[in-house]
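Reviewing the structure listed below.
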Amino acid sequence: MPYRKFGRTDLEVSEVGFGAWGIGGQAYGSADQQESLRSLARAEELGCNFVDTALVYGNSELTIGEFLRGRRSKWIVATKYSGQKPGMTATLEDQLRRLGVDYVDLYQIHWVPKDSGQSLYEELYRLKKSGKVRYVGVSLSTPADVDYVLDHTMLDSVMLPFSLLDPLPFLARARQFGARDLAVVARSSLKEGFLVGKYTPDTKFSDPNDQRSKWPQERIAAVVDQVEKFRFLESGHGSMVAAAVHYPLSFPQISTVIMGTMSVIQAEENFGRLPGGRLSEAELQRVAAMQDEMGLWGMRERILRALRGLTNRS
Ligand SMILES: NC(=O)c1ccc[n+]([C@@H]2O[C@H](COP(=O)([O-])OP(=O)(O)OC[C@H]3O[C@@H](n4cnc5c(N)ncnc54)[C@H](OP(=O)(O)O)[C@@H]3O)[C@@H](O)[C@H]2O)c1
């Protein structure tokens with residue numbers, strides 16, 4: 001497992017991290033806690049040292065708390081404040097109890113309310129000063145939100161969706177992340193399982209605990225259709241899941257790609273076989289052209305300019 005700098009912090013993070021939304025049992029169907037514990041243990045054996053969770057991820061924090069007993073120092077534990085009524089500080093206390101830890105390594109604001117101003121960030125900085133959290137970040141989705149954070153905050157990290165189907169907002173702001181030495185956590189890089197290439201337009205998600213069961217069938221068919229456009233990557237990487245993960249790993253501004261992992265079999269692949277891979281420059285250019293053709297970007301010139309130099313790993 002290769003490791004990367006986590007922005008300007010002193011953390012060295014595994015380039016593939018454990019996304020723990022699914023093991024809470026409310027994202028991709030019910031979760032088997034014993035299997036989740038075994039998956040986390042296998043991830044650790046394979047060198048994964050970063051886990052991302054949230055209070056709103058069902059049983060996820062409790063399962064991680066159970067897992068961390070006796071191995072706290074081996075893990076960088078990231079969780080989130082999702083706007084709970086008792087407020088950030090009181091919510092963190094509850095989360096520390098659930099996780100069975102004295103501090104979390106990374107505390108992130110999950111969804112920043114539009115009118116929050118600076119007060120939420122100030123509370124985050126106070127928690128950092130208190131030592132209950134080591135580093136602070138935010139989870140975002142649009143370039144405008146990223147701009148606010150770049151201009152008005154002193155955060156250590158941002159979490160963004162970044163996949164073959166979601167090049168923005170990361171690519172539009174990658175230079176600024178690099179210049180600020182901000183850690184970037186890439187999420188949903190498999191497009192919630194779709195980029196693995198195992199679903200068809202007729203796939204039905206029947207488990208009510210699978211959030212994809214609420215997707216209209218047309219949305220499933222549309223995403224499957226988009227995934228097919230990237231099949232050309234499969235032969236060079238051995239599988240679609242490999243290509244999907246090697247894409248964000250091709251950018252040194254990304255500190256870690258967190259992969260939702262539901263089983264030991266997925267852990268073997270996600271933390272054992274996939275780390276270390278990258279797309280070639282030619283593949284990146286072809287991906288960019290395809291994203292442009294699909295309308296995932298505004299202007300072709302902008303995308304090509306943004307790509308130039310970003311993958312230079314010197
Ligand atoms: N707003 C936010 O802050 C936010 C939002 C979303 C996610 N996140 C974080 O990001 C993490 C990752 O994102 P994500 O959970 O959205 O999804 P993801 O990583 O794009 O996809 C995860 C799903 O892909 C499938 N999968 C994973 N590895 C596989 C493998 N090797 N082979 C076949 N299928 C595989 C599994 O579902 P199936 O087998 O059921 O298809 C898995 O649950 C989350 O766990 C969470 O920590 C944060």
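Chain labels follow the order of the structure tokens: the first chain is A, the next B, and so on; residue numbering restarts at 1 in every chain, and ligands are counted from 1 in their shown order.
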Q | Contacts of ligand 1, 6 Å or closer, only C-alpha atoms and all ligand atoms, given as number ranges by chain | A | A: 19-22, 28, 52-53, 110, 139, 187-193, 196, 258-262, 266, 269-270
(Q) Show me, as an NGL selection string, the residues that have an atom within 8 Å of Lys80 (chain A) when counting only C-alpha atoms, minus same-chain residues fewer than 5 positions from it. (A) :A and (53-55 or 107-110)
Q | Sel. of strand (DSSP E) residues, region 54-197 of chain A, as number ranges by chain | A | A: 76-81, 104-109, 133-139, 157-161, 183-187
Q: Using only C-alpha atoms, pick whichever of A:Asp210, A:Thr256, A:Pro161, A:Ala186 has the shortest atom-to-atom distance to Ile76 (chain A).
A: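 Among the listed residues, A:Thr256 lies closest to Ile76 (chain A).
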Q. Which is closer to Lys132 (chain A) than all the others in A:Phe251, A:Tyr103, A:Phe177, A:Phe205, using only C-alpha atoms?
A.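 Ranking A:Phe251, A:Tyr103, A:Phe177, A:Phe205 by distance to Lys132 (chain A), first place goes to A:Tyr103.
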Q. If you count only C-alpha atoms, which residues fall within 10 Å of Asp202 (chain A), apart from same-chain ones fewer than 3 positions away, as a VMD selection string?
A. chain A and resid 199 205 217 to 218 220 to 221 224
Selection file, N, CA and C atoms, as a PDB file, in the first residue's frame:
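As written to disk, selection_15.pdb reads:
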```
ATOM      1  N   TYR A 199     -23.575  -3.502 -12.892  1.00  0.00           N
ATOM      2  CA  TYR A 199     -25.014  -3.274 -12.970  1.00  0.00           C
ATOM      3  C   TYR A 199     -25.469  -3.068 -14.409  1.00  0.00           C
ATOM      4  N   PHE A 205     -32.700  -2.487  -7.112  1.00  0.00           N
ATOM      5  CA  PHE A 205     -32.177  -2.548  -5.749  1.00  0.00           C
ATOM      6  C   PHE A 205     -33.391  -2.691  -4.833  1.00  0.00           C
ATOM      7  N   GLN A 217     -35.780   4.094 -12.121  1.00  0.00           N
ATOM      8  CA  GLN A 217     -35.103   3.167 -13.033  1.00  0.00           C
ATOM      9  C   GLN A 217     -34.378   3.911 -14.162  1.00  0.00           C
ATOM     10  N   GLU A 218     -34.949   5.060 -14.568  1.00  0.00           N
ATOM     11  CA  GLU A 218     -34.298   5.832 -15.656  1.00  0.00           C
ATOM     12  C   GLU A 218     -32.923   6.334 -15.206  1.00  0.00           C
ATOM     13  N   ILE A 220     -30.935   4.828 -13.016  1.00  0.00           N
ATOM     14  CA  ILE A 220     -30.035   3.663 -13.028  1.00  0.00           C
ATOM     15  C   ILE A 220     -29.561   3.410 -14.465  1.00  0.00           C
ATOM     16  N   ALA A 221     -30.524   3.419 -15.411  1.00  0.00           N
ATOM     17  CA  ALA A 221     -30.181   3.147 -16.820  1.00  0.00           C
ATOM     18  C   ALA A 221     -29.221   4.215 -17.346  1.00  0.00           C
ATOM     19  N   VAL A 224     -25.693   3.627 -15.871  1.00  0.00           N
ATOM     20  CA  VAL A 224     -25.093   2.435 -16.500  1.00  0.00           C
ATOM     21  C   VAL A 224     -24.593   2.792 -17.897  1.00  0.00           C
TER      22      VAL A 224
END
```
Q. Out of A:Gln118, A:Ala31, A:Gly47, A:Phe194, which residue has the shortest atom-to-atom distance to Ser163 (chain A) when counting only C-alpha atoms?
A.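 For Ser163 (chain A), the nearest of the candidates is A:Phe194.
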**Q.** Spatial neighbours of Gly276 (chain A), 10 Å, only C-alpha atoms, chain gap at least 2 places, as an NGL selection string
**A.** :A and (1-3 or 15-16 or 245-246 or 249-250 or 271-274 or 278)
Q. CA of Leu164 (chain A) and CA of Val257 (chain A) are how many Å apart?
A. 13.0 Å
Q. How many Å lie between CA of Asp292 (chain A) and CA of Ala244 (chain A), rounded to one decimal?
A.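 Those two atoms sit 17.3 Å apart.
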Residues near Ala222 (chain A), anyone? I mean within 12 Å using only C-alpha atoms, not counting same-chain ones fewer than 6 positions away, as a CSV table (one decimal) with N, CA, C and O atoms, in the first residue's frame.
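Okay, this is what ended up in result_38.csv:
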```
chain,number,residue,atom,x,y,z
A,165,LEU,N,-17.1,9.9,-13.7
A,165,LEU,CA,-18.3,10.5,-14.1
A,165,LEU,C,-18.5,11.9,-13.4
A,165,LEU,O,-19.4,12.6,-13.6
A,194,PHE,N,-21.5,1.8,-9.2
A,194,PHE,CA,-21.9,1.7,-10.6
A,194,PHE,C,-20.6,1.5,-11.5
A,194,PHE,O,-20.6,0.8,-12.5
A,199,TYR,N,-23.6,-3.5,-12.9
A,199,TYR,CA,-25.0,-3.3,-13.0
A,199,TYR,C,-25.5,-3.1,-14.4
A,199,TYR,O,-24.7,-2.7,-15.3
A,200,THR,N,-26.7,-3.4,-14.7
A,200,THR,CA,-27.3,-3.2,-16.0
A,200,THR,C,-28.5,-2.2,-15.9
A,200,THR,O,-28.9,-1.9,-14.8
A,201,PRO,N,-29.0,-1.8,-17.0
A,201,PRO,CA,-30.2,-0.8,-17.0
A,201,PRO,C,-31.4,-1.4,-16.2
A,201,PRO,O,-32.2,-0.7,-15.7
A,202,ASP,N,-31.4,-2.8,-16.1
A,202,ASP,CA,-32.6,-3.4,-15.5
A,202,ASP,C,-32.4,-3.7,-14.0
A,202,ASP,O,-33.2,-4.3,-13.4
A,203,THR,N,-31.2,-3.4,-13.5
A,203,THR,CA,-30.9,-3.8,-12.1
A,203,THR,C,-31.9,-3.1,-11.2
A,203,THR,O,-32.2,-1.9,-11.3
A,215,TRP,N,-33.8,5.2,-6.2
A,215,TRP,CA,-33.4,5.8,-7.5
A,215,TRP,C,-34.5,5.4,-8.6
A,215,TRP,O,-34.8,4.2,-8.7
A,216,PRO,N,-35.0,6.3,-9.4
A,216,PRO,CA,-35.9,5.9,-10.5
A,216,PRO,C,-35.1,5.0,-11.5
A,216,PRO,O,-33.9,5.2,-11.6
A,228,GLU,N,-20.6,2.7,-19.4
A,228,GLU,CA,-20.2,1.9,-20.6
A,228,GLU,C,-19.2,2.7,-21.4
A,228,GLU,O,-18.3,2.1,-22.1
A,229,LYS,N,-19.3,4.0,-21.4
A,229,LYS,CA,-18.4,4.9,-22.2
A,229,LYS,C,-16.9,4.7,-21.8
A,229,LYS,O,-16.0,5.1,-22.5
A,294,MET,N,-19.5,14.0,-23.1
A,294,MET,CA,-20.7,13.6,-22.4
A,294,MET,C,-21.3,14.9,-21.6
A,294,MET,O,-22.3,14.7,-20.9
```
Q.
I'd like to know which of A:Gly178, A:Gly65, A:Gly236, A:Gly29 is closest to Ser255 (chain A), using only C-alpha atoms.
A.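 Answer, going by the shortest atom-to-atom distance: A:Gly178.
The spacing separating CA of Pro275 (chain A) from CA of Gly25 (chain A) amounts to 25.7 Å.
Of the listed residues A:Leu62, A:Leu96, A:Trp111, A:Leu150, the one whose atoms come nearest to Gln84 (chain A) is A:Trp111, with distances taken using only C-alpha atoms.
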Q) DSSP on the backbone: what in region 91-241 of chain A comes out alpha helix (DSSP H), as number ranges by chain? A) A: 91-99, 119-130, 143-152, 170-180, 217-228, 234-237, 240-241
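Closest approach to Ser116 (chain A) among A:Arg180, A:Leu195, A:Ser39, A:Gly83 is made by A:Gly83 (distances from only C-alpha atoms).
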Selection: 7 Å around Gln211 (chain A), only C-alpha atoms, excl. self and same-chain fewer than 3 positions, as a compact mmCIF listing (two decimals) with N, CA, C and O atoms, in the first residue's frame:
```txt
# COMPACT_ATOMS: atom_id res chain seq x y z
N GLN A 26 -27.15 1.36 6.00
CA GLN A 26 -28.23 2.18 5.44
C GLN A 26 -27.90 2.75 4.05
O GLN A 26 -28.62 3.59 3.55
N ALA A 27 -26.78 2.33 3.48
CA ALA A 27 -26.39 2.90 2.19
C ALA A 27 -26.53 1.88 1.06
O ALA A 27 -27.15 2.15 0.03
N TYR A 28 -25.96 0.69 1.28
CA TYR A 28 -25.95 -0.34 0.22
C TYR A 28 -26.62 -1.61 0.70
O TYR A 28 -26.20 -2.71 0.36
N LYS A 214 -34.24 3.82 -3.99
CA LYS A 214 -35.10 4.99 -4.22
C LYS A 214 -34.80 5.65 -5.57
O LYS A 214 -35.47 6.59 -5.96
```
Q: For Tyr135 (chain A), please output as a PyMOL selection string all residues within 12 Å (counting only C-alpha atoms; exclusion window: fewer than 2 positions along the same chain).
A: chain A and resi 6-11+76-80+103-109+124-133+137-138+154-158+182-183
Would you save the residues of that selection, restricted to N, CA, C and O atoms, as a compact mmCIF listing (two decimals), in the first residue's frame?
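The result, stored in result.txt:
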```txt
# COMPACT_ATOMS: atom_id res chain seq x y z
N PHE A 6 -0.83 13.92 3.99
CA PHE A 6 -2.20 14.44 4.14
C PHE A 6 -2.10 15.96 4.23
O PHE A 6 -2.07 16.54 5.32
N GLY A 7 -1.97 16.59 3.06
CA GLY A 7 -1.82 18.05 3.02
C GLY A 7 -0.61 18.49 3.81
O GLY A 7 0.46 17.88 3.73
N ARG A 8 -0.80 19.55 4.62
CA ARG A 8 0.35 20.06 5.39
C ARG A 8 0.37 19.48 6.81
O ARG A 8 1.10 19.97 7.66
N THR A 9 -0.44 18.46 7.08
CA THR A 9 -0.43 17.85 8.41
C THR A 9 0.77 16.90 8.51
O THR A 9 1.48 16.68 7.53
N ASP A 10 0.92 16.30 9.70
CA ASP A 10 2.01 15.33 9.84
C ASP A 10 1.52 13.90 9.58
O ASP A 10 2.22 12.94 9.89
N LEU A 11 0.33 13.77 9.01
CA LEU A 11 -0.21 12.43 8.78
C LEU A 11 0.27 11.85 7.44
O LEU A 11 0.35 12.57 6.45
N ILE A 76 -6.10 6.40 11.35
CA ILE A 76 -6.49 7.80 11.26
C ILE A 76 -8.01 7.78 11.15
O ILE A 76 -8.57 7.26 10.17
N VAL A 77 -8.67 8.28 12.19
CA VAL A 77 -10.13 8.17 12.27
C VAL A 77 -10.75 9.51 11.89
O VAL A 77 -10.49 10.53 12.53
N ALA A 78 -11.57 9.49 10.83
CA ALA A 78 -12.24 10.70 10.37
C ALA A 78 -13.74 10.52 10.54
O ALA A 78 -14.30 9.49 10.16
N THR A 79 -14.39 11.53 11.14
CA THR A 79 -15.84 11.50 11.20
C THR A 79 -16.37 12.90 10.92
O THR A 79 -15.60 13.80 10.57
N LYS A 80 -17.70 13.05 11.03
CA LYS A 80 -18.30 14.33 10.57
C LYS A 80 -19.37 14.84 11.51
O LYS A 80 -20.05 14.05 12.18
N TYR A 103 -10.00 11.19 21.09
CA TYR A 103 -9.93 12.26 20.08
C TYR A 103 -10.17 11.63 18.71
O TYR A 103 -10.00 10.42 18.54
N VAL A 104 -10.60 12.46 17.75
CA VAL A 104 -10.61 11.96 16.36
C VAL A 104 -9.51 12.70 15.60
O VAL A 104 -9.16 13.84 15.93
N ASP A 105 -8.98 12.04 14.59
CA ASP A 105 -7.87 12.64 13.83
C ASP A 105 -8.36 13.71 12.88
O ASP A 105 -7.64 14.69 12.62
N LEU A 106 -9.55 13.50 12.32
CA LEU A 106 -10.09 14.48 11.37
C LEU A 106 -11.58 14.65 11.64
O LEU A 106 -12.34 13.67 11.61
N TYR A 107 -11.99 15.90 11.91
CA TYR A 107 -13.41 16.18 12.12
C TYR A 107 -13.85 17.10 11.00
O TYR A 107 -13.26 18.16 10.77
N GLN A 108 -14.91 16.66 10.29
CA GLN A 108 -15.33 17.40 9.10
C GLN A 108 -16.77 17.89 9.23
O GLN A 108 -17.62 17.19 9.79
N ILE A 109 -17.03 19.07 8.69
CA ILE A 109 -18.42 19.50 8.57
C ILE A 109 -18.98 18.76 7.36
O ILE A 109 -18.37 18.75 6.28
N LEU A 124 -15.17 24.68 14.92
CA LEU A 124 -14.25 23.61 14.51
C LEU A 124 -12.81 23.93 14.96
O LEU A 124 -12.10 23.08 15.49
N TYR A 125 -12.39 25.18 14.78
CA TYR A 125 -11.02 25.57 15.19
C TYR A 125 -10.86 25.42 16.70
O TYR A 125 -9.81 25.03 17.19
N ARG A 126 -11.94 25.77 17.46
CA ARG A 126 -11.87 25.64 18.93
C ARG A 126 -11.70 24.18 19.33
O ARG A 126 -10.92 23.86 20.22
N LEU A 127 -12.40 23.30 18.63
CA LEU A 127 -12.27 21.87 18.94
C LEU A 127 -10.85 21.39 18.65
O LEU A 127 -10.30 20.57 19.37
N LYS A 128 -10.27 21.92 17.58
CA LYS A 128 -8.89 21.55 17.24
C LYS A 128 -7.94 22.00 18.35
O LYS A 128 -7.08 21.25 18.79
N LYS A 129 -8.16 23.22 18.83
CA LYS A 129 -7.32 23.77 19.90
C LYS A 129 -7.44 22.94 21.18
O LYS A 129 -6.47 22.75 21.91
N SER A 130 -8.65 22.42 21.41
CA SER A 130 -8.89 21.65 22.64
C SER A 130 -8.20 20.29 22.59
O SER A 130 -8.06 19.63 23.62
N GLY A 131 -7.80 19.83 21.40
CA GLY A 131 -7.14 18.53 21.28
C GLY A 131 -8.11 17.38 21.07
O GLY A 131 -7.70 16.24 20.87
N LYS A 132 -9.40 17.65 21.12
CA LYS A 132 -10.38 16.55 20.91
C LYS A 132 -10.42 16.14 19.44
O LYS A 132 -10.89 15.06 19.10
N VAL A 133 -9.97 17.05 18.56
CA VAL A 133 -9.79 16.67 17.15
C VAL A 133 -8.42 17.18 16.74
O VAL A 133 -7.99 18.25 17.17
N GLY A 137 -11.77 19.59 8.68
CA GLY A 137 -12.05 19.66 7.24
C GLY A 137 -13.53 19.82 6.97
O GLY A 137 -14.34 20.03 7.88
N VAL A 138 -13.86 19.70 5.68
CA VAL A 138 -15.25 19.87 5.28
C VAL A 138 -15.51 18.99 4.07
O VAL A 138 -14.60 18.71 3.28
N MET A 154 -9.44 28.12 7.35
CA MET A 154 -8.09 27.61 7.63
C MET A 154 -8.18 26.10 7.88
O MET A 154 -7.71 25.60 8.90
N LEU A 155 -8.85 25.42 6.98
CA LEU A 155 -9.07 23.98 7.16
C LEU A 155 -7.85 23.19 6.71
O LEU A 155 -7.01 23.68 5.95
N ASP A 156 -7.78 21.95 7.18
CA ASP A 156 -6.69 21.07 6.78
C ASP A 156 -7.04 20.19 5.59
O ASP A 156 -6.15 19.68 4.91
N SER A 157 -8.36 19.97 5.37
CA SER A 157 -8.74 19.05 4.28
C SER A 157 -10.11 19.39 3.71
O SER A 157 -10.92 20.05 4.35
N VAL A 158 -10.33 18.90 2.49
CA VAL A 158 -11.67 18.90 1.91
C VAL A 158 -11.95 17.49 1.39
O VAL A 158 -11.03 16.79 0.96
N LEU A 182 -3.55 21.69 0.67
CA LEU A 182 -4.74 21.22 1.36
C LEU A 182 -4.91 19.73 1.06
O LEU A 182 -4.79 19.32 -0.10
N ALA A 183 -5.18 18.93 2.09
CA ALA A 183 -5.42 17.51 1.83
C ALA A 183 -6.77 17.36 1.12
O ALA A 183 -7.73 18.04 1.48
```
